[in-house]
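Chemist: Provided herewith: final36.txt, compact mmCIF, C-alpha atoms.
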# COMPACT_ATOMS: atom_id res chain seq x y z
CA MET A 1 0.00 0.00 0.00
CA LYS A 2 1.39 3.42 -0.98
CA VAL A 3 1.41 6.26 1.54
CA TYR A 4 1.00 9.83 0.25
CA PRO A 5 1.96 12.84 2.30
CA SER A 6 -0.93 14.90 3.41
CA VAL A 7 -1.64 18.34 1.97
CA SER A 8 -0.85 19.90 5.35
CA LEU A 9 2.61 18.35 5.34
CA LEU A 10 3.32 19.67 1.85
CA VAL A 11 2.29 23.15 2.88
CA LEU A 12 4.62 23.04 5.89
CA LEU A 13 7.58 21.85 3.77
CA LEU A 14 6.98 24.60 1.18
CA ALA A 15 6.72 27.26 3.87
CA GLY A 16 10.00 26.13 5.43
CA TRP A 17 11.77 26.21 2.06
CA LEU A 18 10.50 29.74 1.33
CA ALA A 19 11.59 30.94 4.76
CA ALA A 20 15.06 29.52 4.22
CA CYS A 21 15.31 31.29 0.86
CA ALA A 22 14.18 34.56 2.36
CA ALA A 23 16.76 34.33 5.14
CA ALA A 24 19.67 33.84 2.71
CA PRO A 25 21.34 37.28 1.91
CA ALA A 26 21.16 38.52 -1.68
CA PRO A 27 24.56 38.69 -3.41
CA THR A 28 26.14 42.21 -3.14
CA PRO A 29 27.03 43.68 -6.55
CA VAL A 30 30.72 44.43 -6.94
CA PRO A 31 31.27 48.10 -8.01
CA CYS A 32 33.30 48.74 -11.09
CA ASP A 33 36.86 49.92 -10.57
CA ASP A 34 37.85 52.64 -13.05
CA ALA A 35 41.51 52.71 -11.96
CA GLY A 36 43.82 52.74 -14.94
CA GLN A 37 41.01 53.43 -17.39
CA THR A 38 40.64 56.38 -19.75
CA ALA A 39 37.44 58.38 -19.67
CA VAL A 40 38.28 60.96 -22.35
CA ALA A 41 40.79 60.94 -25.19
CA LEU A 42 41.41 64.63 -25.96
CA THR A 43 42.97 66.09 -29.11
CA LEU A 44 44.12 69.74 -29.10
CA LEU A 45 44.31 71.57 -32.43
CA ASP A 46 44.81 75.19 -33.45
CA GLU A 47 42.84 77.06 -36.09
CA ASN A 48 44.99 75.44 -38.81
CA GLU A 49 44.21 71.91 -37.57
CA THR A 50 47.76 71.62 -36.23
CA ALA A 51 48.46 70.00 -32.87
CA VAL A 52 49.07 72.51 -30.05
CA ASP A 53 51.99 71.75 -27.74
CA ARG A 54 52.70 72.67 -24.13
CA VAL A 55 49.05 73.03 -23.10
CA GLN A 56 47.90 72.99 -19.49
CA VAL A 57 44.80 70.76 -19.30
CA SER A 58 42.49 70.70 -16.28
CA TYR A 59 39.19 68.91 -15.71
CA ARG A 60 36.51 68.19 -13.18
CA VAL A 61 33.90 65.45 -12.89
CA ASN A 62 30.24 66.00 -11.99
CA GLY A 63 30.92 69.58 -10.85
CA GLY A 64 33.66 68.58 -8.41
CA VAL A 65 37.08 70.08 -7.79
CA TRP A 66 39.20 71.09 -10.77
CA GLN A 67 42.27 68.90 -11.28
CA ASP A 68 45.32 69.58 -13.44
CA LEU A 69 47.00 66.93 -15.54
CA PRO A 70 50.49 66.57 -14.04
CA GLU A 71 52.34 67.53 -17.23
CA ARG A 72 51.85 69.90 -20.15
CA VAL A 73 50.09 68.24 -23.08
CA ASN A 74 51.52 68.01 -26.61
CA GLY A 75 48.56 67.63 -28.94
CA ARG A 76 46.89 64.66 -27.24
CA ALA A 77 45.85 63.90 -23.68
CA ARG A 78 44.17 61.04 -21.88
CA ILE A 79 41.95 61.95 -18.93
CA PRO A 80 41.57 59.09 -16.43
CA GLY A 81 38.37 58.09 -14.71
CA GLY A 82 35.04 56.37 -15.09
CA GLY A 83 31.52 57.43 -15.97
CA GLY A 84 30.23 60.93 -15.33
CA GLY A 85 30.00 64.46 -16.68
CA TYR A 86 33.43 65.88 -17.58
CA GLU A 87 34.26 69.58 -17.96
CA ILE A 88 37.61 70.20 -19.63
CA ARG A 89 39.70 73.37 -19.86
CA ALA A 90 42.84 73.98 -21.95
CA GLN A 91 45.16 76.97 -21.41
CA LYS A 92 48.31 78.21 -23.09
CA PRO A 93 49.87 81.69 -23.28
CA GLY A 94 49.00 83.31 -26.59
CA TYR A 95 45.76 81.34 -26.95
CA GLN A 96 42.24 81.89 -25.75
CA THR A 97 41.18 79.48 -23.03
CA GLY A 98 39.44 76.47 -24.60
CA GLU A 99 36.57 74.74 -22.83
CA THR A 100 34.40 71.74 -23.61
CA ALA A 101 32.22 69.15 -21.87
CA VAL A 102 31.36 65.49 -22.48
CA ILE A 103 29.29 62.73 -20.85
CA VAL A 104 31.05 59.41 -20.27
CA PRO A 105 28.61 56.47 -19.84
CA ALA A 106 28.84 54.59 -16.57
CA ALA A 107 30.64 51.26 -16.73
CA ILE A 108 28.41 48.20 -16.34
CA PRO A 109 29.44 44.96 -14.56
CA PRO A 110 30.67 42.40 -15.12
CA THR A 111 33.06 43.77 -17.77
CA CYS A 112 33.29 47.24 -16.11
CA ALA A 113 34.98 48.59 -19.21
CA VAL A 114 34.78 52.39 -19.55
CA THR A 115 33.55 53.62 -22.91
CA THR A 116 36.26 56.14 -23.72
CA GLN A 117 34.94 59.31 -25.38
CA SER A 118 37.17 60.83 -28.08
CA ILE A 119 36.79 64.60 -28.51
CA THR A 120 38.68 67.39 -30.26
CA LEU A 121 39.14 70.88 -28.78
CA GLN A 122 40.16 73.64 -31.14
CA MET A 123 42.10 76.50 -29.52
CA ALA A 124 41.96 79.99 -31.04
CA LEU A 125 44.81 82.49 -30.90
CA ALA A 126 44.37 85.22 -28.31
CA VAL A 127 43.74 88.71 -29.64
CA CYS A 128 45.08 91.83 -27.94
CA PRO A 129 42.18 94.23 -27.25
CA THR A 130 42.22 97.71 -28.73
CA ASN A 131 42.38 99.16 -25.22
CA PRO A 132 44.45 96.80 -23.03
CA GLN A 133 43.66 96.70 -19.35
CA PRO A 134 45.50 99.31 -17.25
CA LEU A 135 47.94 98.76 -14.43
CA THR A 136 46.14 99.28 -11.10
CA ILE A 137 48.05 101.09 -8.37
CA GLN A 138 46.52 101.10 -4.91
CA VAL A 139 48.23 103.22 -2.26
CA LYS A 140 47.50 102.39 1.36
CA PRO A 141 49.20 105.02 3.52
CA ALA A 142 48.45 105.70 7.17
CA VAL A 143 44.88 106.65 8.07
CA GLY A 144 44.14 110.30 7.46
CA VAL A 145 46.72 110.95 4.75
CA GLU A 146 45.55 113.48 2.18
CA GLY A 147 47.11 114.62 -1.04
CA VAL A 148 48.87 111.44 -2.19
CA GLY A 149 49.78 111.94 -5.85
CA VAL A 150 51.14 109.66 -8.57
CA THR A 151 53.14 110.94 -11.54
CA ALA A 152 54.00 108.61 -14.43
CA VAL A 153 56.79 108.92 -17.00
CA THR A 154 56.07 106.61 -19.95
CA PRO A 155 57.01 106.33 -23.64
CA ASN A 156 54.10 108.75 -24.22
CA GLY A 157 55.54 111.40 -21.88
CA ARG A 158 54.78 112.65 -18.39
CA ASP A 159 51.31 112.47 -16.86
CA THR A 160 49.66 112.99 -13.48
CA LEU A 161 47.29 110.12 -12.74
CA ALA A 162 43.77 110.82 -11.54
CA CYS A 163 42.71 109.25 -8.26
CA GLU A 164 39.58 107.12 -7.98
CA THR A 165 37.79 107.88 -4.72
CA ASP A 166 35.99 105.09 -2.87
CA GLU A 167 34.78 104.43 0.67
CA ASN A 168 38.42 104.36 1.85
CA GLY A 169 39.25 107.74 0.34
CA CYS A 170 41.56 108.49 -2.55
CA GLN A 171 43.76 105.41 -2.93
CA THR A 172 43.40 103.87 -6.40
CA PHE A 173 45.16 105.00 -9.60
CA ARG A 174 45.25 103.40 -13.07
CA LEU A 175 48.02 103.63 -15.65
CA SER A 176 47.51 102.82 -19.35
CA LEU A 177 50.17 100.53 -20.83
CA ASN A 178 49.72 101.06 -24.54
CA LYS A 179 53.38 101.05 -25.58
CA PRO A 180 56.39 98.89 -24.72
CA GLY A 181 59.32 100.57 -23.06
CA SER A 182 60.50 101.92 -19.72
CA TYR A 183 57.97 103.19 -17.16
CA GLN A 184 58.57 105.22 -14.01
CA LEU A 185 56.13 106.09 -11.23
CA ALA A 186 56.64 108.69 -8.50
CA LEU A 187 54.33 108.34 -5.49
CA GLU A 188 54.47 111.50 -3.39
CA GLY A 189 52.66 112.76 -0.32
CA LEU A 190 53.01 109.71 1.91
CA LEU A 191 53.30 110.45 5.62
CA SER A 192 56.64 109.08 6.74
CA TYR A 193 56.41 109.98 10.42
CA GLY A 194 53.77 110.60 13.06
CA ALA A 195 53.52 112.94 16.02
CA PRO A 196 56.76 113.92 17.79
CA SER A 197 57.54 112.76 21.30
CA VAL A 198 60.23 113.81 23.78
CA ASN A 199 62.20 111.23 25.73
CA GLN A 200 64.95 112.51 28.05
CA GLY A 201 64.95 115.78 26.17
CA VAL A 202 65.36 114.22 22.69
CA ILE A 203 62.71 114.61 19.98
CA SER A 204 61.75 111.50 18.01
CA TYR A 205 58.95 110.36 15.69
CA ASP A 206 57.07 107.14 15.16
CA LEU A 207 57.60 105.78 11.65
CA LEU A 208 54.35 105.33 9.73
CA PRO A 209 53.73 102.33 7.47
CA TYR A 210 52.85 102.37 3.80
CA GLU A 211 51.70 99.71 1.34
CA VAL A 212 51.43 99.89 -2.43
CA ASP A 213 49.66 97.11 -4.36
CA LEU A 214 50.29 96.78 -8.11
CA ARG A 215 47.98 94.53 -10.17
CA TYR A 216 47.91 93.59 -13.82
CA GLY A 217 45.93 90.51 -14.82
CA ALA A 218 47.20 87.61 -12.73
CA GLN A 219 50.33 89.54 -11.73
CA THR A 220 50.50 91.21 -8.33
CA ARG A 221 53.29 92.98 -6.48
CA THR A 222 53.10 94.49 -3.00
CA LEU A 223 55.58 97.06 -1.72
CA SER A 224 55.54 97.86 1.99
CA GLY A 225 57.70 99.55 4.56
CA THR A 226 57.84 102.44 7.02
CA GLY A 227 59.17 105.97 7.12
CA ALA A 228 58.93 106.99 3.45
CA SER A 229 57.35 110.16 2.09
CA ARG A 230 58.02 109.26 -1.56
CA LEU A 231 58.40 106.07 -3.60
CA ASP A 232 60.08 105.92 -7.02
CA LEU A 233 59.17 102.83 -9.06
CA ASP A 234 60.83 101.67 -12.28
CA PHE A 235 59.70 98.77 -14.48
CA ALA A 236 59.69 97.62 -18.09
CA VAL A 237 56.76 96.82 -20.39
CA ALA A 238 57.24 94.40 -23.30
CA PRO A 239 54.79 92.82 -25.78
CA ASP A 240 53.55 89.34 -24.93
CA GLU A 241 52.86 86.46 -27.34
CA VAL A 242 50.02 88.31 -29.07
CA GLY A 243 51.45 91.81 -28.85
CA CYS A 244 49.65 92.94 -25.70
CA PRO A 245 51.72 95.09 -23.30
CA LEU A 246 52.96 93.03 -20.37
CA PRO A 247 54.61 94.78 -17.38
CA ASP A 248 57.45 93.04 -15.58
CA LEU A 249 56.27 93.49 -12.01
CA ARG A 250 58.71 90.90 -10.68
CA GLY A 251 61.61 92.93 -12.04
CA LEU A 252 60.24 96.22 -10.69
CA THR A 253 62.66 98.30 -8.59
CA ALA A 254 61.51 100.64 -5.82
CA VAL A 255 63.40 103.37 -3.97
CA ALA A 256 61.95 104.91 -0.79
CA ASP A 257 62.99 108.51 -0.25
CA PRO A 258 63.61 109.63 2.33
CA ASP A 259 63.84 106.66 4.63
CA LEU A 260 63.77 107.48 8.35
CA SER A 261 64.89 103.95 9.19
CA THR A 262 68.40 104.87 7.98
CA GLY A 263 68.75 107.24 10.93
CA GLY A 264 69.68 110.22 8.77
CA PRO A 265 68.83 113.87 9.50
CA TYR A 266 65.20 113.66 8.61
CA PRO A 267 62.61 115.16 8.55
CA PRO A 268 63.73 118.59 7.30
CA VAL A 269 63.12 121.72 9.35
CA THR A 270 59.79 123.44 8.63
CA ILE A 271 58.05 126.38 10.30
CA ASP A 272 54.30 126.91 9.88
CA GLN A 273 52.35 129.72 11.50
CA GLN A 274 49.13 128.45 13.00
CA GLY A 275 46.20 130.65 12.04
CA PRO A 276 45.75 133.42 9.48
CA LEU A 277 47.79 136.56 8.93
CA ILE A 278 46.31 139.69 7.31
CA MET A 279 48.29 142.65 5.96
CA THR A 280 46.46 145.91 5.43
CA ASP A 281 46.94 149.67 5.40
CA LEU A 282 47.71 151.52 8.62
CA ALA A 283 44.57 153.57 8.08
CA ALA A 284 42.26 150.51 8.15
CA ASP A 285 39.61 150.52 10.88
CA GLU A 286 40.94 147.30 12.37
CA CYS A 287 44.30 148.97 12.97
CA GLN A 288 43.06 151.92 15.01
CA GLY A 289 42.67 150.17 18.33
CA GLN A 290 45.28 149.67 21.01
CA PRO A 291 47.51 146.65 20.20
CA VAL A 292 47.05 143.66 22.48
CA VAL A 293 49.86 141.20 23.10
CA THR A 294 48.64 137.97 21.53
CA PRO A 295 50.18 134.48 21.58
CA VAL A 296 50.88 133.28 18.01
CA ASP A 297 51.78 129.61 17.60
CA PHE A 298 54.24 128.19 15.09
CA ALA A 299 54.44 124.44 14.41
CA LEU A 300 58.01 123.26 13.91
CA THR A 301 59.32 120.09 12.40
CA VAL A 302 62.91 119.25 13.27
CA PRO A 303 65.11 116.22 12.49
CA THR A 304 64.61 113.15 14.63
CA GLY A 305 67.21 112.95 17.38
CA THR A 306 67.26 116.73 17.94
CA ARG A 307 67.42 117.84 21.57
CA LEU A 308 64.54 120.07 22.56
CA ALA A 309 67.05 122.39 24.24
CA ASP A 310 68.67 122.93 20.81
CA VAL A 311 65.44 124.26 19.26
CA ALA A 312 64.51 127.96 19.38
CA LEU A 313 62.03 130.23 17.65
CA LEU A 314 63.07 133.87 17.23
CA TYR A 315 60.78 136.69 16.17
CA TRP A 316 61.58 140.36 15.52
CA LEU A 317 60.01 142.91 17.84
CA ASP A 318 60.96 146.44 18.91
CA GLY A 319 64.27 146.34 17.06
CA ASP A 320 65.58 143.02 18.40
CA TRP A 321 65.12 139.25 18.21
CA GLN A 322 62.87 137.79 20.88
CA ALA A 323 62.75 134.09 21.87
CA GLY A 324 59.49 132.15 21.84
CA GLU A 325 58.63 129.25 24.11
CA CYS A 326 58.85 125.75 22.55
CA ALA A 327 57.25 122.54 23.80
CA VAL A 328 55.65 119.37 22.48
CA ARG A 329 51.91 119.56 23.06
CA ASP A 330 48.80 118.29 21.30
CA GLY A 331 50.98 115.94 19.25
CA ARG A 332 53.06 118.79 17.75
CA LEU A 333 56.21 120.76 18.46
CA LEU A 334 54.79 124.24 19.01
CA CYS A 335 56.71 127.47 19.61
CA THR A 336 54.78 130.50 20.79
CA ALA A 337 55.62 134.13 20.03
CA ALA A 338 54.07 137.06 21.95
CA LEU A 339 53.24 139.65 19.27
CA PRO A 340 51.19 142.83 19.40
CA ASN A 341 47.90 142.46 17.57
CA PRO A 342 47.75 144.45 15.39
CA LEU A 343 51.46 144.75 14.64
CA LEU A 344 51.84 148.38 13.55
CA ALA A 345 54.66 149.88 11.47
CA GLN A 346 57.08 147.07 12.32
CA PRO A 347 58.67 144.37 10.18
CA TYR A 348 57.35 140.85 10.64
CA ALA A 349 60.17 138.30 10.73
CA VAL A 350 60.32 134.77 12.17
CA LYS A 351 63.10 132.20 12.09
CA ALA A 352 64.03 128.95 13.81
CA VAL A 353 67.40 127.97 15.18
CA VAL A 354 67.94 124.21 15.23
CA ASN A 355 71.21 122.67 16.33
CA GLY A 356 72.86 126.05 15.93
CA GLU A 357 71.67 126.59 12.33
CA GLU A 358 69.19 129.29 11.31
CA TYR A 359 66.12 128.60 9.17
CA ILE A 360 64.19 131.62 7.86
CA ASN A 361 60.41 131.28 7.77
CA THR A 362 58.89 134.67 6.93
CA GLN A 363 60.35 138.12 6.45
CA LEU A 364 58.02 141.03 5.68
CA PRO A 365 60.10 144.22 5.88
CA PHE A 366 57.06 146.45 5.43
CA ASP A 367 57.08 148.91 8.33
CA THR A 368 54.35 150.94 6.62
CA LEU A 369 51.69 148.25 7.00
CA CYS A 370 49.37 146.91 9.67
CA ILE A 371 49.56 143.16 10.32
CA LEU A 372 46.64 141.40 12.00
CA PHE A 373 46.48 137.96 13.64
CA PRO A 374 42.75 137.05 13.65
CA SER A 375 41.79 134.46 16.27
Please lay out the structure from this file as structure tokens.

Modeler:
Amino acid sequence: MKVYPSVSLLVLLLAGWLAACAAAPAPTPVPCDDAGQTAVALTLLDENETAVDRVQVSYRVNGGVWQDLPERVNGRARIPGGGGGYEIRAQKPGYQTGETAVIVPAAIPPTCAVTTQSITLQMALAVCPTNPQPLTIQVKPAVGVEGVGVTAVTPNGRDTLACETDENGCQTFRLSLNKPGSYQLALEGLLSYGAPSVNQGVISYDLLPYEVDLRYGAQTRTLSGTGASRLDLDFAVAPDEVGCPLPDLRGLTAVADPDLSTGGPYPPVTIDQQGPLIMTDLAADECQGQPVVTPVDFALTVPTGTRLADVALLYWLDGDWQAGECAVRDGRLLCTAALPNPLLAQPYAVKAVVNGEEYINTQLPFDTLCILFPS
């Protein structure tokens, strides 16, 4: 007698088999390895269908980071990688930058072979514009400096450059480079020193910094230092591969003048009366009152290292030289004269004596005039 399994038993066996199949993990697909494969075969030609040598080729995949091929390319290049969107850039001096893009299909297992895309990029010669870009000169002197000027001597002659004012004041100048040759720039009006101070009776100044940034295309050059009131720059301009003017900023020479850091006798002696001075006729209404002795200040600049005791201000009054009082106050070396106001029918003469040497400021030998010192 044959025995047949019951339907219930068959159902149980089938359910167990299905459960065992479900518990077994599915095989994990092995990703394709694109190492050593070529995604793009690139050919570089000029406008005459001739291969272009010494080209810098860079690329990026799927909008990622740009990468440079390690060596310059001579006509043909192979860009490694697998599937994806490739952006390619080719650069060489004298040529316009060439750009192209290509989609490389993703490799499919099990062969994982990359389908190399062959493309040709034609590079056009660069053309020099009718008006080449100018050289940008940005002067960054100490805060508060006014009156910085730039004079250029070029193959076209001498010219004073206009300043472009921005939120930082007047700092930017631009120089046209439309001819090859020698170029000179004179930057004047920098503040080389700050307020004077007195230490053990000796006058000294803090040196003020300066910075000049020169920019032309990808070229930059920064000149910086302290204690200069003028900079003289000298550089050459030569035509590049397509005839555009190209300044040699690396070969630029700069001379700072004067330079307080050398310890020389600088700054020079100057004498500036503080406040206005009016000369008029003795018969003027303002000259009819009784003169009042009035303090008149003069700001002096003397060389660094000068002893305060060796500084004097002399002014002419009543037929003789009188000595003013000198002191450093309010960030300046001030000497005060006591003069009648108005000064009637007397010459007006002021001079400084520094380290035993006289420096004449003003001499008005008009004893027929009335001189007023308005407050």

Chemist: When distances are computed from only C-alpha atoms, which of A:Ala113, A:Val350, A:Val328, A:Ala238 shows the smallest separation from A:Leu314?

Modeler: A:Val350

Chemist: Atom CA of A:Gly94 and atom CA of A:Glu241, how far apart in Å?

Modeler: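 Value for the atom CA of A:Glu241-atom CA of A:Gly94 distance: 5.0 Å.
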
Chemist: Which residues come within 12 Å of A:Asp159, counting all atoms listed in the file, excluding same-chain residues fewer than 3 positions away, as a ChimeraX atom specification?

Modeler: /A:149-156,162,174-176,183-186

Chemist: Quick one: of A:Arg250, A:Gln346, A:Leu369, A:Leu233, who's nearest to A:Cys287, counting only C-alpha atoms?

Modeler: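 For A:Cys287, the nearest of the given residues is A:Leu369.
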
Chemist: Ranking A:Thr160, A:Gln122, A:Ser204, A:Ser192 by minimum distance to A:Thr304 and counting all atoms listed in the file, which one comes first?

Modeler: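 Selected residue with least distance to A:Thr304: A:Ser204.
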
Chemist: With all atoms listed in the file counted, which protein, DNA or RNA residues have an atom no more than 7 Å from (47.0, 144.2, 18.0) in the file frame? Please answer as a list in words.

Modeler: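 Residues with an atom close enough to that point: Gln290, Pro291, Val292, Val293, Pro340, Asn341, Pro342, Leu343 and Leu372 of chain A.
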
Chemist: Write out as a PyMOL selection string which residues come within 8 Å of A:Glu211 when counting all atoms listed in the file, dropping same-chain ones fewer than 2 positions away.

Modeler: chain A and resi 139-141+209+213+222-225

Chemist: Pick from A:Gly75, A:Gly36, A:Gly243, A:Gly81: nearest to A:Pro129, with only C-alpha atoms counted?

Modeler: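 Comparing A:Gly75, A:Gly36, A:Gly243, A:Gly81 against A:Pro129, the winner is A:Gly243.
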
Chemist: Would you pick out the contacts of A:Gly189 at 7 Å or less, using all atoms listed in the file, so that residues sharing its chain but fewer than 6 positions from it are not included, and give the list as a PDB file with C-alpha atoms, keeping the file's coordinate frame?

Modeler:
ATOM      1  CA  GLY A 147      47.110 114.620  -1.040  1.00  0.00           C
ATOM      2  CA  VAL A 148      48.870 111.440  -2.190  1.00  0.00           C
ATOM      3  CA  GLY A 149      49.780 111.940  -5.850  1.00  0.00           C
ATOM      4  CA  SER A 229      57.350 110.160   2.090  1.00  0.00           C
ATOM      5  CA  ARG A 230      58.020 109.260  -1.560  1.00  0.00           C
TER       6      ARG A 230
END

Chemist: Leaving out A:Ala126 and any residue of its chain fewer than 3 positions from it, which residues lie within 7 Å of it when counting all atoms listed in the file, given as a PyMOL selection string?

Modeler: chain A and resi 94-96+242

Chemist: So that I can check the surroundings of A:Tyr359, please list as a list in words every protein, DNA and RNA residue that reaches within 10 Å of it, counting all atoms listed in the file and ignoring chain neighbours fewer than 6 positions away.

Modeler: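 Contacts, in chain order: Val269, Thr270, Ile271, Leu313, Val350, Lys351, Ala352 and Val353 of chain A.
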
Chemist: Separation of atom CA of A:Gly194 and atom CA of A:Val212, in Å?

Modeler: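 Atom-to-atom, atom CA of A:Gly194 and atom CA of A:Val212 are spaced 19.0 Å apart.
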
Chemist: Would you please work out which residue, of A:Arg215, A:Arg78, A:Arg60, A:Arg307, is nearest to A:Gly356 when using all atoms listed in the file?

Modeler: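 Smallest distance to A:Gly356 is found for A:Arg307.
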
Chemist: For each of A:Pro132, A:Gly98, A:Pro239, A:Pro267, take the minimum atom-to-atom distance to A:Thr43, counting all atoms listed in the file, then give the residue where this is smallest.

Modeler: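 With all atoms listed in the file as the atom set, the closest residue is A:Gly98.
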
Chemist: Which distance in Å separates atom CA of A:Glu325 and atom CA of A:Thr294, to one decimal?

Modeler: 13.5 Å
